[in-house]
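What follows is the content of model-v2.cif (mmCIF, C-alpha atoms; chains and numbers go by the auth columns).
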```cif
data_coords
#
loop_
_atom_site.group_PDB
_atom_site.id
_atom_site.type_symbol
_atom_site.label_atom_id
_atom_site.label_comp_id
_atom_site.label_asym_id
_atom_site.label_seq_id
_atom_site.Cartn_x
_atom_site.Cartn_y
_atom_site.Cartn_z
_atom_site.B_iso_or_equiv
_atom_site.auth_seq_id
_atom_site.auth_asym_id
ATOM 1 C CA MET A 1 -22.445 -30.149 -22.958 0.00 104 Z
ATOM 2 C CA LYS A 2 -22.016 -30.889 -19.227 0.00 105 Z
ATOM 3 C CA LYS A 3 -18.244 -31.140 -19.678 0.00 106 Z
ATOM 4 C CA VAL A 4 -18.115 -27.764 -21.427 0.00 107 Z
ATOM 5 C CA SER A 5 -20.269 -26.161 -18.725 0.00 108 Z
ATOM 6 C CA ALA A 6 -18.135 -27.671 -15.970 0.00 109 Z
ATOM 7 C CA LEU A 7 -14.988 -26.480 -17.735 0.00 110 Z
ATOM 8 C CA LEU A 8 -16.357 -22.944 -18.098 0.00 111 Z
ATOM 9 C CA ILE A 9 -17.453 -22.804 -14.459 0.00 112 Z
ATOM 10 C CA GLY A 10 -14.070 -24.136 -13.350 0.00 113 Z
ATOM 11 C CA LEU A 11 -12.266 -21.560 -15.503 0.00 114 Z
ATOM 12 C CA ALA A 12 -14.453 -18.768 -14.147 0.00 115 Z
ATOM 13 C CA MET A 13 -13.734 -19.861 -10.575 0.00 116 Z
ATOM 14 C CA LEU A 14 -10.007 -20.026 -11.290 0.00 117 Z
ATOM 15 C CA LEU A 15 -10.014 -16.517 -12.731 0.00 118 Z
ATOM 16 C CA LEU A 16 -12.099 -15.221 -9.844 0.00 119 Z
ATOM 17 C CA PHE A 17 -9.664 -16.532 -7.244 0.00 120 Z
ATOM 18 C CA GLN A 18 -6.553 -15.670 -9.283 0.00 121 Z
ATOM 19 C CA THR A 19 -7.386 -12.010 -9.803 0.00 122 Z
ATOM 20 C CA GLY A 20 -8.654 -11.362 -6.297 0.00 123 Z
ATOM 21 C CA SER A 21 -8.980 -7.964 -4.770 0.00 124 Z
ATOM 22 C CA VAL A 22 -6.254 -5.436 -4.137 0.00 125 Z
ATOM 23 C CA PHE A 23 -7.412 -5.759 -0.543 0.00 126 Z
ATOM 24 C CA ALA A 24 -6.998 -9.421 0.330 0.00 127 Z
ATOM 25 C CA GLN A 25 -8.345 -9.329 3.888 0.00 128 Z
ATOM 26 C CA SER A 26 -5.038 -8.725 5.652 0.00 129 Z
ATOM 27 C CA LYS A 27 -4.508 -6.468 8.652 0.00 130 Z
ATOM 28 C CA MET A 28 -2.569 -4.011 6.495 0.00 131 Z
ATOM 29 C CA ASP A 29 -5.319 -3.990 3.906 0.00 132 Z
ATOM 30 C CA GLY A 30 -7.938 -3.448 6.609 0.00 133 Z
ATOM 31 C CA VAL A 31 -6.094 -0.439 8.003 0.00 134 Z
ATOM 32 C CA ILE A 32 -5.673 1.045 4.514 0.00 135 Z
ATOM 33 C CA SER A 33 -9.248 0.389 3.380 0.00 136 Z
ATOM 34 C CA ASP A 34 -10.586 2.112 6.506 0.00 137 Z
ATOM 35 C CA LEU A 35 -8.633 5.231 5.523 0.00 138 Z
ATOM 36 C CA ILE A 36 -9.719 5.496 1.874 0.00 139 Z
ATOM 37 C CA GLY A 37 -11.282 8.918 1.353 0.00 140 Z
ATOM 38 C CA THR A 38 -9.553 10.549 4.344 0.00 141 Z
ATOM 39 C CA PRO A 39 -8.722 14.088 3.188 0.00 142 Z
ATOM 40 C CA TYR A 40 -5.252 15.368 2.405 0.00 143 Z
ATOM 41 C CA VAL A 41 -3.905 17.721 5.069 0.00 144 Z
ATOM 42 C CA TYR A 42 -0.416 19.183 4.812 0.00 145 Z
ATOM 43 C CA THR A 43 1.723 17.643 7.615 0.00 146 Z
ATOM 44 C CA GLY A 44 -1.330 15.576 8.647 0.00 147 Z
ATOM 45 C CA THR A 45 -0.741 12.388 10.624 0.00 148 Z
ATOM 46 C CA THR A 46 -4.219 11.520 11.919 0.00 149 Z
ATOM 47 C CA THR A 47 -7.522 10.226 10.578 0.00 150 Z
ATOM 48 C CA LYS A 48 -8.638 13.867 10.345 0.00 151 Z
ATOM 49 C CA GLY A 49 -6.226 14.192 7.423 0.00 152 Z
ATOM 50 C CA PHE A 50 -2.904 12.906 6.104 0.00 153 Z
ATOM 51 C CA ASP A 51 -0.078 14.066 3.943 0.00 154 Z
ATOM 52 C CA CYS A 52 1.641 11.249 2.045 0.00 155 Z
ATOM 53 C CA SER A 53 4.285 10.398 4.642 0.00 156 Z
ATOM 54 C CA GLY A 54 1.845 10.922 7.507 0.00 157 Z
ATOM 55 C CA PHE A 55 -0.371 8.284 5.889 0.00 158 Z
ATOM 56 C CA THR A 56 2.457 5.751 5.535 0.00 159 Z
ATOM 57 C CA MET A 57 3.686 6.506 9.062 0.00 160 Z
ATOM 58 C CA TYR A 58 0.155 5.959 10.461 0.00 161 Z
ATOM 59 C CA VAL A 59 -0.381 2.650 8.622 0.00 162 Z
ATOM 60 C CA PHE A 60 3.008 1.280 9.626 0.00 163 Z
ATOM 61 C CA ASP A 61 2.455 2.350 13.225 0.00 164 Z
ATOM 62 C CA LYS A 62 -0.747 0.286 13.241 0.00 165 Z
ATOM 63 C CA LEU A 63 1.401 -2.659 12.081 0.00 166 Z
ATOM 64 C CA GLY A 64 3.953 -2.151 14.847 0.00 167 Z
ATOM 65 C CA VAL A 65 6.607 -0.532 12.641 0.00 168 Z
ATOM 66 C CA ASP A 66 7.966 2.909 13.551 0.00 169 Z
ATOM 67 C CA ILE A 67 8.954 5.085 10.586 0.00 170 Z
ATOM 68 C CA PRO A 68 9.692 8.842 10.407 0.00 171 Z
ATOM 69 C CA HIS A 69 7.329 11.474 9.037 0.00 172 Z
ATOM 70 C CA ALA A 70 9.121 12.525 5.860 0.00 173 Z
ATOM 71 C CA SER A 71 9.172 10.755 2.502 0.00 174 Z
ATOM 72 C CA ARG A 72 12.896 11.464 2.015 0.00 175 Z
ATOM 73 C CA SER A 73 13.664 9.953 5.433 0.00 176 Z
ATOM 74 C CA GLN A 74 11.438 6.953 4.739 0.00 177 Z
ATOM 75 C CA ALA A 75 13.341 6.397 1.477 0.00 178 Z
ATOM 76 C CA GLN A 76 16.497 5.720 3.518 0.00 179 Z
ATOM 77 C CA LEU A 77 14.914 2.873 5.511 0.00 180 Z
ATOM 78 C CA GLY A 78 15.036 -0.865 4.921 0.00 181 Z
ATOM 79 C CA LYS A 79 16.189 -2.526 1.749 0.00 182 Z
ATOM 80 C CA LYS A 80 16.006 -1.197 -1.810 0.00 183 Z
ATOM 81 C CA ILE A 81 13.614 -3.287 -3.911 0.00 184 Z
ATOM 82 C CA ALA A 82 13.370 -3.512 -7.705 0.00 185 Z
ATOM 83 C CA LYS A 83 9.999 -2.465 -9.113 0.00 186 Z
ATOM 84 C CA ALA A 84 9.532 -5.989 -10.504 0.00 187 Z
ATOM 85 C CA ASP A 85 9.994 -7.470 -7.009 0.00 188 Z
ATOM 86 C CA LEU A 86 7.418 -5.366 -5.139 0.00 189 Z
ATOM 87 C CA ILE A 87 5.208 -7.109 -2.595 0.00 190 Z
ATOM 88 C CA PRO A 88 2.346 -5.607 -0.590 0.00 191 Z
ATOM 89 C CA GLY A 89 3.718 -3.470 2.224 0.00 192 Z
ATOM 90 C CA ASP A 90 6.702 -2.100 0.302 0.00 193 Z
ATOM 91 C CA LEU A 91 7.029 1.686 0.214 0.00 194 Z
ATOM 92 C CA VAL A 92 7.115 3.274 -3.248 0.00 195 Z
ATOM 93 C CA PHE A 93 8.654 6.706 -3.822 0.00 196 Z
ATOM 94 C CA PHE A 94 8.149 9.413 -6.417 0.00 197 Z
ATOM 95 C CA ASN A 95 9.687 12.716 -7.482 0.00 198 Z
ATOM 96 C CA THR A 96 6.649 14.961 -7.905 0.00 199 Z
ATOM 97 C CA THR A 97 8.433 18.312 -7.493 0.00 200 Z
ATOM 98 C CA GLY A 98 11.521 17.886 -9.655 0.00 201 Z
ATOM 99 C CA LYS A 99 13.671 18.131 -6.527 0.00 202 Z
ATOM 100 C CA GLY A 100 14.086 14.481 -5.512 0.00 203 Z
ATOM 101 C CA ILE A 101 11.826 12.211 -3.491 0.00 204 Z
ATOM 102 C CA SER A 102 8.697 14.114 -2.524 0.00 205 Z
ATOM 103 C CA HIS A 103 5.882 11.523 -2.435 0.00 206 Z
ATOM 104 C CA VAL A 104 5.436 8.068 -0.896 0.00 207 Z
ATOM 105 C CA GLY A 105 2.813 5.342 -0.949 0.00 208 Z
ATOM 106 C CA ILE A 106 2.362 1.709 0.110 0.00 209 Z
ATOM 107 C CA TYR A 107 2.330 -0.977 -2.560 0.00 210 Z
ATOM 108 C CA VAL A 108 -0.869 -3.045 -2.188 0.00 211 Z
ATOM 109 C CA GLY A 109 -0.429 -5.527 -5.033 0.00 212 Z
ATOM 110 C CA GLU A 110 -1.675 -5.866 -8.598 0.00 213 Z
ATOM 111 C CA GLY A 111 0.456 -2.896 -9.689 0.00 214 Z
ATOM 112 C CA LYS A 112 -1.329 -0.504 -7.324 0.00 215 Z
ATOM 113 C CA PHE A 113 -0.375 1.599 -4.327 0.00 216 Z
ATOM 114 C CA ALA A 114 -2.227 3.405 -1.552 0.00 217 Z
ATOM 115 C CA HIS A 115 -1.259 6.995 -0.809 0.00 218 Z
ATOM 116 C CA SER A 116 -2.545 10.360 0.300 0.00 219 Z
ATOM 117 C CA SER A 117 -2.945 12.471 -2.813 0.00 220 Z
ATOM 118 C CA SER A 118 -3.121 16.238 -2.454 0.00 221 Z
ATOM 119 C CA SER A 119 -6.110 16.255 -4.828 0.00 222 Z
ATOM 120 C CA LYS A 120 -7.986 13.084 -3.751 0.00 223 Z
ATOM 121 C CA GLY A 121 -6.909 12.331 -0.183 0.00 224 Z
ATOM 122 C CA VAL A 122 -6.210 8.688 0.646 0.00 225 Z
ATOM 123 C CA THR A 123 -6.726 6.711 -2.530 0.00 226 Z
ATOM 124 C CA ILE A 124 -5.436 3.800 -4.591 0.00 227 Z
ATOM 125 C CA SER A 125 -3.551 4.521 -7.817 0.00 228 Z
ATOM 126 C CA ALA A 126 -1.791 2.388 -10.397 0.00 229 Z
ATOM 127 C CA LEU A 127 1.972 2.568 -10.711 0.00 230 Z
ATOM 128 C CA SER A 128 1.301 2.526 -14.454 0.00 231 Z
ATOM 129 C CA ASP A 129 -0.720 5.777 -14.346 0.00 232 Z
ATOM 130 C CA SER A 130 1.152 8.161 -16.627 0.00 233 Z
ATOM 131 C CA TYR A 131 1.647 10.713 -13.836 0.00 234 Z
ATOM 132 C CA TYR A 132 3.190 8.218 -11.410 0.00 235 Z
ATOM 133 C CA SER A 133 5.081 6.069 -13.912 0.00 236 Z
ATOM 134 C CA LYS A 134 7.029 9.134 -15.089 0.00 237 Z
ATOM 135 C CA ARG A 135 7.844 10.129 -11.498 0.00 238 Z
ATOM 136 C CA TYR A 136 8.640 6.748 -9.919 0.00 239 Z
ATOM 137 C CA VAL A 137 12.056 6.749 -8.204 0.00 240 Z
ATOM 138 C CA THR A 138 12.524 3.690 -5.993 0.00 241 Z
ATOM 139 C CA ALA A 139 10.962 1.279 -3.515 0.00 242 Z
ATOM 140 C CA ARG A 140 12.026 0.124 -0.062 0.00 243 Z
ATOM 141 C CA ARG A 141 11.056 -2.887 2.028 0.00 244 Z
ATOM 142 C CA VAL A 142 10.898 -1.677 5.623 0.00 245 Z
ATOM 143 C CA MET A 143 9.017 -4.572 7.198 0.00 246 Z
ATOM 144 C CA SER A 144 11.065 -7.619 8.076 0.00 247 Z
ATOM 145 C CA PRO A 145 9.714 -10.901 6.705 0.00 248 Z
ATOM 146 C CA SER A 146 8.494 -11.837 10.192 0.00 249 Z
ATOM 147 C CA THR A 147 6.682 -8.510 10.626 0.00 250 Z
ATOM 148 C CA TYR A 148 5.148 -8.883 7.184 0.00 251 Z
ATOM 149 C CA GLU A 149 3.994 -12.405 8.038 0.00 252 Z
ATOM 150 C CA LYS A 150 2.574 -11.286 11.385 0.00 253 Z
ATOM 151 C CA TYR A 151 0.769 -8.109 10.337 0.00 254 Z
ATOM 152 C CA ALA A 152 0.528 -7.585 6.616 0.00 255 Z
ATOM 153 C CA ASP A 153 -0.201 -11.103 5.464 0.00 256 Z
ATOM 154 C CA GLU A 154 -2.352 -12.329 8.363 0.00 257 Z
ATOM 155 C CA PRO A 155 -6.117 -12.121 7.909 0.00 258 Z
ATOM 156 C CA SER A 156 -7.719 -9.633 10.200 0.00 259 Z
ATOM 157 C CA ASP A 157 -10.103 -11.054 12.764 0.00 260 Z
ATOM 158 C CA VAL A 158 -10.892 -7.697 14.308 0.00 261 Z
ATOM 159 C CA ALA A 159 -13.512 -5.707 12.430 0.00 262 Z
ATOM 160 C CA ASP A 160 -12.339 -2.313 13.646 0.00 263 Z
ATOM 161 C CA GLY A 161 -8.601 -3.051 13.299 0.00 264 Z
ATOM 162 C CA GLY A 162 -8.308 -2.626 17.074 0.00 265 Z
ATOM 163 C CA ASP A 163 -5.299 -3.391 19.212 0.00 266 Z
ATOM 164 C CA ASP A 164 -6.720 -6.434 21.032 0.00 267 Z
ATOM 165 C CA GLU A 165 -3.661 -8.620 20.552 0.00 268 Z
#
```
Target encoding structure tokens, full file:
Amino acid sequence: MKKVSALLIGLAMLLLFQTGSVFAQSKMDGVISDLIGTPYVYTGTTTKGFDCSGFTMYVFDKLGVDIPHASRSQAQLGKKIAKADLIPGDLVFFNTTGKGISHVGIYVGEGKFAHSSSSKGVTISALSDSYYSKRYVTARRVMSPSTYEKYADEPSDVADGGDDE
């Protein structure tokens, strides 16, 4: 019985650490999690309210990466990435108007992305949601591996996400 109990506890621990959270305690995740619930504001680029590209521009600015404030312009940056090869920090793009790229978010892992939704404000959605899966266009990696290592993958040691470095 002890062996079975130990096996079950070990399996539970393995599953717990394997699944993890979408927000894995990185600087990028800290910036994003602090913004969840921020309202949608057309052309917004501040914590008072964001549009989709204003949100991505703000997050990347906090990570030391300068990107323009337009989803179509952001879709021209970096390197094109296959959906199957997404890593946290990649930008994901959608055609929500029928007229080309019109929405952008930041892939956060586990098939999910953070974005500023016109109906929910800053939120996390699944790429598999029927609305987004039908409208997915492409993804781009705009952070270099060294930037990703430095900012997106490094645990945050600053509670407020400040600029103490």
Counting only C-alpha atoms, what is within 9 Å of Ile170 of chain Z, bar same-chain residues fewer than 5 positions away, as a list in words?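 Answer for this query is Thr159, Met160, Tyr161, Phe163, Asp164, Ser176, Gln177, Leu180 and Val245 of chain Z.
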Quick one: axis-aligned box around all listed atoms of segment 194-206 of chain Z, 3 Å on every side, centre and edge lengths in Å to one decimal, written as AutoDock Vina command-line options.
```
--center_x 10.0 --center_y 10.0 --center_z -4.7 --size_x 14.2 --size_y 22.6 --size_z 15.9
```
If the PyMOL selection byres ((chain Z and resi 209) around 8) were run on this exact file, what residues would it hold? Put them as JSON, numbers by chain. {"Z": [159, 191, 192, 193, 194, 195, 207, 208, 210, 211, 216, 217, 218]}
So, with only C-alpha atoms as the atoms that count, which of Z:Lys223, Z:Arg243, Z:Lys130, Z:Lys165 lies closest to Ile184 of chain Z?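 Of Z:Lys223, Z:Arg243, Z:Lys130, Z:Lys165, the one nearest Ile184 of chain Z, counting only C-alpha atoms, is Z:Arg243.
With distances taken over all atoms listed in the file, Z:Ala242 is the one residue among Z:Leu166, Z:Ala229, Z:Met131, Z:Ala242 lying closest to Leu189 of chain Z.
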Z:Ser221, Z:Lys186, Z:Ser236, Z:Ala178 ranked by distance to Gly203 of chain Z, top pick (using all atoms listed in the file):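 Closest candidate: Z:Ala178.
The space between atom CA of Ile190 of chain Z and atom CA of Gly214 of chain Z spans 9.5 Å.
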Written as an MDAnalysis selection string, what is the full residue list that the PyMOL selection byres ((chain Z and resi 182) around 6) yields on the file shown? chainID Z and resid 181 183 243:244
Atom CA of Lys237 of chain Z to atom CA of Thr199 of chain Z, straight-line distance in Å: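 Distance reported for this atom pair: 9.3 Å.
Protein and nucleic acid residues near (-10.2, 8.3, 12.6) are Asp137, Leu138, Thr141, Thr149, Thr150, Lys151 and Gly152 of chain Z, the criterion being any atom at most 9 Å away using all atoms listed in the file.
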At a cut-off of 7 Å, using all atoms listed in the file, what residues contact Ile204 of chain Z? Leave out same-chain residues fewer than 3 positions from it and give the result as an MDAnalysis selection string. chainID Z and resid 174:175 196:198
Here is a test: counting all atoms listed in the file, which residue of Z:Ser219, Z:Ala185, Z:Gly167, Z:Glu213 is nearest to Thr146 of chain Z? Z:Ser219
To one decimal place in Å, what is the distance between atom CA of Gly201 of chain Z and atom CA of Ser233 of chain Z?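 A separation of 15.8 Å between them.
The closest residue to Ser228 of chain Z, picked from Z:Ser205, Z:Asp132, Z:Thr241, Z:Gly212 and counting only C-alpha atoms, is Z:Gly212.
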Name the residues that the PyMOL selection byres ((chain Z and resi 222) around 12) pulls out of this structure, and write them as a list in words.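 Checking the PyMOL selection byres ((chain Z and resi 222) around 12) against this file, the residues are Gly140, Thr141, Pro142, Tyr143, Val144, Tyr145, Phe153, Asp154, Cys155, His218, Ser219, Ser220, Ser221, Lys223, Gly224, Val225 and Thr226 of chain Z.
Between Ser249 of chain Z and the candidates Z:Gln179, Z:Asp232, Z:Ile227, Z:Val168, the tightest atom-to-atom separation, counting only C-alpha atoms, involves Z:Val168.
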